[in-house]
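Enquirer: Structure supplied as input-v9.cif; contents: mmCIF, N, CA and C atoms.
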data_protein
loop_
_atom_site.label_atom_id
_atom_site.label_comp_id
_atom_site.auth_asym_id
_atom_site.auth_seq_id
_atom_site.Cartn_x
_atom_site.Cartn_y
_atom_site.Cartn_z
N MET Y 1 -26.05 -6.32 8.25
CA MET Y 1 -25.44 -5.81 9.47
C MET Y 1 -26.50 -5.74 10.56
N SER Y 2 -26.22 -6.34 11.67
CA SER Y 2 -27.15 -6.30 12.80
C SER Y 2 -26.44 -5.70 14.01
N LEU Y 3 -27.21 -5.47 15.04
CA LEU Y 3 -26.67 -4.86 16.25
C LEU Y 3 -26.57 -5.88 17.38
N ILE Y 4 -25.54 -5.74 18.18
CA ILE Y 4 -25.36 -6.57 19.37
C ILE Y 4 -25.11 -5.64 20.56
N GLN Y 5 -25.09 -6.21 21.73
CA GLN Y 5 -24.86 -5.42 22.93
C GLN Y 5 -23.39 -5.55 23.33
N CYS Y 6 -22.76 -4.43 23.63
CA CYS Y 6 -21.36 -4.43 24.08
C CYS Y 6 -21.29 -5.09 25.46
N PRO Y 7 -20.37 -6.06 25.65
CA PRO Y 7 -20.27 -6.72 26.95
C PRO Y 7 -19.80 -5.80 28.07
N GLU Y 8 -19.13 -4.71 27.71
CA GLU Y 8 -18.56 -3.80 28.72
C GLU Y 8 -19.56 -2.73 29.15
N CYS Y 9 -20.08 -1.94 28.17
CA CYS Y 9 -20.93 -0.79 28.52
C CYS Y 9 -22.41 -1.00 28.22
N LYS Y 10 -22.75 -2.14 27.60
CA LYS Y 10 -24.14 -2.53 27.31
C LYS Y 10 -24.83 -1.66 26.27
N ASN Y 11 -24.11 -0.85 25.51
CA ASN Y 11 -24.69 -0.07 24.41
C ASN Y 11 -24.80 -0.93 23.17
N GLN Y 12 -25.66 -0.53 22.23
CA GLN Y 12 -25.84 -1.24 20.97
C GLN Y 12 -24.70 -0.88 20.00
N ILE Y 13 -24.07 -1.92 19.42
CA ILE Y 13 -22.99 -1.71 18.45
C ILE Y 13 -23.17 -2.67 17.28
N SER Y 14 -22.50 -2.38 16.19
CA SER Y 14 -22.59 -3.21 14.99
C SER Y 14 -21.84 -4.53 15.18
N THR Y 15 -22.31 -5.57 14.50
CA THR Y 15 -21.63 -6.87 14.56
C THR Y 15 -20.31 -6.85 13.80
N SER Y 16 -20.13 -5.89 12.90
CA SER Y 16 -18.88 -5.81 12.15
C SER Y 16 -17.86 -4.89 12.82
N ALA Y 17 -18.20 -4.32 13.98
CA ALA Y 17 -17.28 -3.41 14.68
C ALA Y 17 -16.11 -4.18 15.28
N VAL Y 18 -14.93 -3.59 15.20
CA VAL Y 18 -13.73 -4.18 15.80
C VAL Y 18 -13.67 -3.85 17.28
N SER Y 19 -14.12 -2.64 17.62
CA SER Y 19 -14.17 -2.22 19.02
C SER Y 19 -15.42 -1.37 19.23
N CYS Y 20 -15.79 -1.23 20.47
CA CYS Y 20 -16.97 -0.44 20.82
C CYS Y 20 -16.65 1.05 20.63
N PRO Y 21 -17.47 1.79 19.87
CA PRO Y 21 -17.21 3.21 19.70
C PRO Y 21 -17.51 4.04 20.95
N HIS Y 22 -18.23 3.46 21.90
CA HIS Y 22 -18.59 4.18 23.12
C HIS Y 22 -17.52 4.05 24.21
N CYS Y 23 -17.09 2.81 24.47
CA CYS Y 23 -16.15 2.60 25.58
C CYS Y 23 -14.77 2.11 25.13
N GLY Y 24 -14.64 1.69 23.86
CA GLY Y 24 -13.35 1.24 23.36
C GLY Y 24 -13.05 -0.23 23.61
N TYR Y 25 -14.01 -0.98 24.13
CA TYR Y 25 -13.81 -2.40 24.40
C TYR Y 25 -13.50 -3.13 23.08
N VAL Y 26 -12.42 -3.91 23.07
CA VAL Y 26 -11.99 -4.61 21.86
C VAL Y 26 -12.80 -5.89 21.70
N LEU Y 27 -13.51 -5.98 20.58
CA LEU Y 27 -14.34 -7.16 20.30
C LEU Y 27 -13.59 -8.21 19.48
N LYS Y 28 -12.76 -7.75 18.56
CA LYS Y 28 -12.03 -8.66 17.68
C LYS Y 28 -10.56 -8.26 17.67
N ASN Y 29 -9.70 -9.23 17.72
CA ASN Y 29 -8.26 -8.96 17.59
C ASN Y 29 -7.93 -8.91 16.11
N VAL Y 30 -7.51 -7.76 15.64
CA VAL Y 30 -7.18 -7.56 14.24
C VAL Y 30 -5.68 -7.40 14.12
N THR Y 31 -5.07 -8.21 13.28
CA THR Y 31 -3.64 -8.07 13.04
C THR Y 31 -3.43 -7.23 11.79
N VAL Y 32 -2.62 -6.22 11.93
CA VAL Y 32 -2.31 -5.34 10.82
C VAL Y 32 -1.12 -5.92 10.07
N PRO Y 33 -1.24 -6.14 8.76
CA PRO Y 33 -0.11 -6.70 8.04
C PRO Y 33 1.06 -5.73 8.01
N LYS Y 34 2.27 -6.26 8.14
CA LYS Y 34 3.46 -5.43 8.15
C LYS Y 34 4.09 -5.45 6.77
N TYR Y 35 4.50 -4.29 6.32
CA TYR Y 35 5.09 -4.14 4.99
C TYR Y 35 6.49 -3.58 5.10
N GLU Y 36 7.34 -3.98 4.18
CA GLU Y 36 8.61 -3.30 4.02
C GLU Y 36 8.49 -2.42 2.79
N GLN Y 37 9.17 -1.29 2.81
CA GLN Y 37 9.04 -0.31 1.75
C GLN Y 37 10.39 -0.08 1.11
N GLN Y 38 10.37 0.20 -0.18
CA GLN Y 38 11.59 0.42 -0.94
C GLN Y 38 11.34 1.53 -1.95
N VAL Y 39 12.32 2.43 -2.11
CA VAL Y 39 12.25 3.49 -3.11
C VAL Y 39 13.38 3.26 -4.10
N VAL Y 40 13.06 3.15 -5.38
CA VAL Y 40 14.07 2.93 -6.42
C VAL Y 40 13.89 3.95 -7.53
N ASN Y 41 15.00 4.25 -8.19
CA ASN Y 41 14.97 5.10 -9.38
C ASN Y 41 15.15 4.19 -10.59
N ILE Y 42 14.23 4.27 -11.52
CA ILE Y 42 14.27 3.44 -12.71
C ILE Y 42 14.45 4.33 -13.93
N ARG Y 43 15.53 4.08 -14.67
CA ARG Y 43 15.77 4.82 -15.91
C ARG Y 43 15.22 4.00 -17.06
N CYS Y 44 14.43 4.65 -17.90
CA CYS Y 44 13.82 3.98 -19.03
C CYS Y 44 14.35 4.61 -20.32
N TRP Y 45 14.83 3.77 -21.21
CA TRP Y 45 15.29 4.28 -22.50
C TRP Y 45 14.11 4.24 -23.45
N GLY Y 46 13.64 5.41 -23.84
CA GLY Y 46 12.46 5.52 -24.68
C GLY Y 46 11.25 5.89 -23.85
N ARG Y 47 10.21 6.25 -24.55
CA ARG Y 47 8.98 6.66 -23.88
C ARG Y 47 7.93 5.57 -23.99
N GLY Y 48 6.96 5.61 -23.15
CA GLY Y 48 5.84 4.68 -23.23
C GLY Y 48 5.81 3.70 -22.08
N GLU Y 49 4.66 3.05 -21.92
CA GLU Y 49 4.45 2.13 -20.81
C GLU Y 49 5.36 0.92 -20.88
N GLY Y 50 5.69 0.46 -22.08
CA GLY Y 50 6.53 -0.72 -22.23
C GLY Y 50 7.89 -0.53 -21.60
N ALA Y 51 8.46 0.66 -21.74
CA ALA Y 51 9.78 0.94 -21.16
C ALA Y 51 9.73 0.94 -19.63
N VAL Y 52 8.69 1.50 -19.07
CA VAL Y 52 8.53 1.54 -17.62
C VAL Y 52 8.29 0.14 -17.07
N ASN Y 53 7.42 -0.61 -17.73
CA ASN Y 53 7.10 -1.96 -17.27
C ASN Y 53 8.32 -2.87 -17.31
N LYS Y 54 9.17 -2.70 -18.31
CA LYS Y 54 10.38 -3.52 -18.41
C LYS Y 54 11.31 -3.25 -17.23
N GLY Y 55 11.39 -2.00 -16.77
CA GLY Y 55 12.22 -1.66 -15.62
C GLY Y 55 11.65 -2.15 -14.30
N LEU Y 56 10.32 -2.24 -14.23
CA LEU Y 56 9.66 -2.67 -13.00
C LEU Y 56 9.55 -4.18 -12.87
N MET Y 57 9.63 -4.90 -13.97
CA MET Y 57 9.37 -6.34 -13.96
C MET Y 57 10.20 -7.14 -12.96
N PRO Y 58 11.52 -6.90 -12.80
CA PRO Y 58 12.27 -7.67 -11.81
C PRO Y 58 11.75 -7.50 -10.38
N TYR Y 59 11.29 -6.31 -10.05
CA TYR Y 59 10.76 -6.06 -8.70
C TYR Y 59 9.40 -6.73 -8.52
N ILE Y 60 8.56 -6.67 -9.52
CA ILE Y 60 7.23 -7.26 -9.43
C ILE Y 60 7.34 -8.78 -9.30
N GLN Y 61 8.30 -9.38 -10.00
CA GLN Y 61 8.49 -10.83 -9.91
C GLN Y 61 8.95 -11.25 -8.51
N GLN Y 62 9.58 -10.33 -7.77
CA GLN Y 62 10.01 -10.63 -6.40
C GLN Y 62 8.91 -10.35 -5.38
N GLY Y 63 7.73 -9.95 -5.83
CA GLY Y 63 6.61 -9.74 -4.92
C GLY Y 63 6.37 -8.29 -4.52
N TRP Y 64 7.12 -7.35 -5.09
CA TRP Y 64 6.92 -5.94 -4.78
C TRP Y 64 5.68 -5.42 -5.50
N GLU Y 65 5.00 -4.47 -4.88
CA GLU Y 65 3.82 -3.85 -5.47
C GLU Y 65 4.03 -2.33 -5.48
N VAL Y 66 3.69 -1.69 -6.58
CA VAL Y 66 3.92 -0.26 -6.76
C VAL Y 66 2.90 0.53 -5.96
N VAL Y 67 3.40 1.47 -5.13
CA VAL Y 67 2.53 2.34 -4.35
C VAL Y 67 2.37 3.67 -5.07
N SER Y 68 3.48 4.24 -5.53
CA SER Y 68 3.42 5.50 -6.26
C SER Y 68 4.61 5.59 -7.21
N MET Y 69 4.45 6.42 -8.23
CA MET Y 69 5.51 6.60 -9.21
C MET Y 69 5.42 8.02 -9.77
N GLU Y 70 6.57 8.69 -9.82
CA GLU Y 70 6.59 10.03 -10.40
C GLU Y 70 7.88 10.22 -11.18
N GLU Y 71 7.78 11.03 -12.21
CA GLU Y 71 8.95 11.28 -13.05
C GLU Y 71 9.87 12.27 -12.35
N ASP Y 72 11.17 11.95 -12.33
CA ASP Y 72 12.18 12.81 -11.72
C ASP Y 72 12.81 13.64 -12.83
N TYR Y 73 12.35 14.87 -12.98
CA TYR Y 73 12.79 15.72 -14.09
C TYR Y 73 14.24 16.15 -13.96
N TRP Y 74 14.81 16.16 -12.76
CA TRP Y 74 16.18 16.60 -12.56
C TRP Y 74 17.18 15.54 -13.00
N ARG Y 75 16.84 14.28 -12.87
CA ARG Y 75 17.77 13.20 -13.22
C ARG Y 75 17.58 12.69 -14.63
N GLY Y 76 16.40 12.82 -15.18
CA GLY Y 76 16.10 12.25 -16.48
C GLY Y 76 16.14 13.28 -17.59
N GLY Y 77 15.91 12.80 -18.76
CA GLY Y 77 15.84 13.66 -19.93
C GLY Y 77 14.65 13.24 -20.77
N TRP Y 78 14.55 13.81 -21.96
CA TRP Y 78 13.41 13.52 -22.82
C TRP Y 78 13.42 12.06 -23.29
N LEU Y 79 14.58 11.56 -23.71
CA LEU Y 79 14.66 10.20 -24.25
C LEU Y 79 15.00 9.14 -23.20
N SER Y 80 15.44 9.57 -22.04
CA SER Y 80 15.75 8.59 -20.99
C SER Y 80 15.22 9.09 -19.65
N PRO Y 81 13.89 9.08 -19.48
CA PRO Y 81 13.32 9.57 -18.23
C PRO Y 81 13.64 8.66 -17.05
N VAL Y 82 13.73 9.27 -15.88
CA VAL Y 82 13.96 8.52 -14.64
C VAL Y 82 12.70 8.65 -13.79
N TYR Y 83 12.25 7.53 -13.27
CA TYR Y 83 11.05 7.51 -12.43
C TYR Y 83 11.43 7.10 -11.01
N LYS Y 84 10.93 7.86 -10.05
CA LYS Y 84 11.09 7.51 -8.64
C LYS Y 84 9.88 6.66 -8.27
N VAL Y 85 10.13 5.40 -7.90
CA VAL Y 85 9.05 4.45 -7.66
C VAL Y 85 9.10 4.01 -6.19
N VAL Y 86 7.97 4.14 -5.50
CA VAL Y 86 7.84 3.65 -4.14
C VAL Y 86 7.08 2.33 -4.20
N MET Y 87 7.69 1.28 -3.60
CA MET Y 87 7.09 -0.05 -3.65
C MET Y 87 7.00 -0.63 -2.24
N LYS Y 88 6.10 -1.59 -2.07
CA LYS Y 88 5.96 -2.27 -0.78
C LYS Y 88 5.69 -3.75 -1.03
N ARG Y 89 5.99 -4.56 -0.01
CA ARG Y 89 5.62 -5.98 0.00
C ARG Y 89 5.52 -6.43 1.44
N LYS Y 90 4.73 -7.48 1.64
CA LYS Y 90 4.53 -8.00 2.98
C LYS Y 90 5.81 -8.64 3.47
N LYS Y 91 6.07 -8.46 4.76
CA LYS Y 91 7.27 -9.05 5.37
C LYS Y 91 7.09 -10.53 5.59
#
Give the structure from this file in structure tokens form.
Expert:
Amino acid sequence: MSLIQCPECKNQISTSAVSCPHCGYVLKNVTVPKYEQQVVNIRCWGRGEGAVNKGLMPYIQQGWEVVSMEEDYWRGGWLSPVYKVVMKRKK
């Protein structure tokens, strides 16, 4: 990492900076990837990772990626737990 001079305010800034921390001058145009989000409830018959993975597989094959997962104690039971899964994928 080296330092360069900001074209706007002439202060020293990092070469990896997106914008100047002093004046806010934009050095690089950065595009933020856009995601769509989906929340699904997955019921798994039986316990263990295999049951959860089997329920998630159709979504993963479509390009969805798991962001978070938690067990929903109100909807599920001991032998058939329900998981609330938040997923995202690029648009």
Enquirer: So which one's closest to Cys6 in chain Y, Y:Tyr25, Y:Trp78, Y:Tyr59, Y:Trp45? Using only N, CA and C atoms, please.
Expert: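 Going through Y:Tyr25, Y:Trp78, Y:Tyr59, Y:Trp45 one by one, the smallest distance to Cys6 in chain Y is for Y:Tyr25.
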Enquirer: I'd like the residues picked by the PyMOL selection byres ((chain Y and resi 16) around 8) written out as a ChimeraX atom specification, using the chain letters and numbers from the file.
Expert: /Y:1-4,13-15,17-19
Enquirer: Record the distance separating CA of Lys84 in chain Y and CA of Glu71 in chain Y, expressed in Å with one decimal.
Expert: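 According to the coordinates, CA of Lys84 in chain Y and CA of Glu71 in chain Y are separated by 6.2 Å.
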Enquirer: So which residues touch range 34-42 of chain Y within 8 Å, counting all atoms listed in the file, skipping near sequence neighbours fewer than 2 positions away, as a PyMOL selection string?
Expert: chain Y and resi 31-32+44-45+52+55-56+80-91
Enquirer: In Å, rounded to a single decimal, give me how far CA of Lys28 in chain Y is from CA of Pro7 in chain Y.
Expert: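 For CA of Pro7 in chain Y relative to CA of Lys28 in chain Y, the distance reads 12.6 Å.
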Enquirer: Which value, in Å to one decimal, gives the distance between CA of Trp74 in chain Y and atom N of Gln62 in chain Y?
Expert: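 According to the coordinates, CA of Trp74 in chain Y and atom N of Gln62 in chain Y are separated by 28.1 Å.
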Enquirer: Take every atom of range 47-61 of chain Y listed in the file, pad by 6 Å on each side, and give me the axis-aligned box centre and edge lengths in Å, one decimal, as lines of an AutoDock Vina configuration file.
Expert:
center_x = 8.4
center_y = -2.3
center_z = -16.5
size_x = 19.8
size_y = 29.9
size_z = 28.0
Enquirer: Of the candidates Y:Asn53, Y:Gln61, Y:Cys23, Y:Val66, which one gets nearest to Glu8 in chain Y if we count only C-alpha atoms?
Expert: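 Checking each candidate against Glu8 in chain Y, we get Y:Cys23 as the closest.
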Enquirer: Step one, run DSSP on the backbone; step two, keep only residues of chain Y assigned to alpha helix (DSSP H); then write them as a compact mmCIF listing (two decimals) with N, CA and C atoms, in the coordinates of the input.
Expert:
# COMPACT_ATOMS: atom_id res chain seq x y z
N GLU Y 49 4.66 3.05 -21.92
CA GLU Y 49 4.45 2.13 -20.81
C GLU Y 49 5.36 0.92 -20.88
N GLY Y 50 5.69 0.46 -22.08
CA GLY Y 50 6.53 -0.72 -22.23
C GLY Y 50 7.89 -0.53 -21.60
N ALA Y 51 8.46 0.66 -21.74
CA ALA Y 51 9.78 0.94 -21.16
C ALA Y 51 9.73 0.94 -19.63
N VAL Y 52 8.69 1.50 -19.07
CA VAL Y 52 8.53 1.54 -17.62
C VAL Y 52 8.29 0.14 -17.07
N ASN Y 53 7.42 -0.61 -17.73
CA ASN Y 53 7.10 -1.96 -17.27
C ASN Y 53 8.32 -2.87 -17.31
N LYS Y 54 9.17 -2.70 -18.31
CA LYS Y 54 10.38 -3.52 -18.41
C LYS Y 54 11.31 -3.25 -17.23
N GLY Y 55 11.39 -2.00 -16.77
CA GLY Y 55 12.22 -1.66 -15.62
C GLY Y 55 11.65 -2.15 -14.30
N LEU Y 56 10.32 -2.24 -14.23
CA LEU Y 56 9.66 -2.67 -13.00
C LEU Y 56 9.55 -4.18 -12.87
N MET Y 57 9.63 -4.90 -13.97
CA MET Y 57 9.37 -6.34 -13.96
C MET Y 57 10.20 -7.14 -12.96
N PRO Y 58 11.52 -6.90 -12.80
CA PRO Y 58 12.27 -7.67 -11.81
C PRO Y 58 11.75 -7.50 -10.38
N TYR Y 59 11.29 -6.31 -10.05
CA TYR Y 59 10.76 -6.06 -8.70
C TYR Y 59 9.40 -6.73 -8.52
N ILE Y 60 8.56 -6.67 -9.52
CA ILE Y 60 7.23 -7.26 -9.43
C ILE Y 60 7.34 -8.78 -9.30
N GLN Y 61 8.30 -9.38 -10.00
CA GLN Y 61 8.49 -10.83 -9.91
C GLN Y 61 8.95 -11.25 -8.51
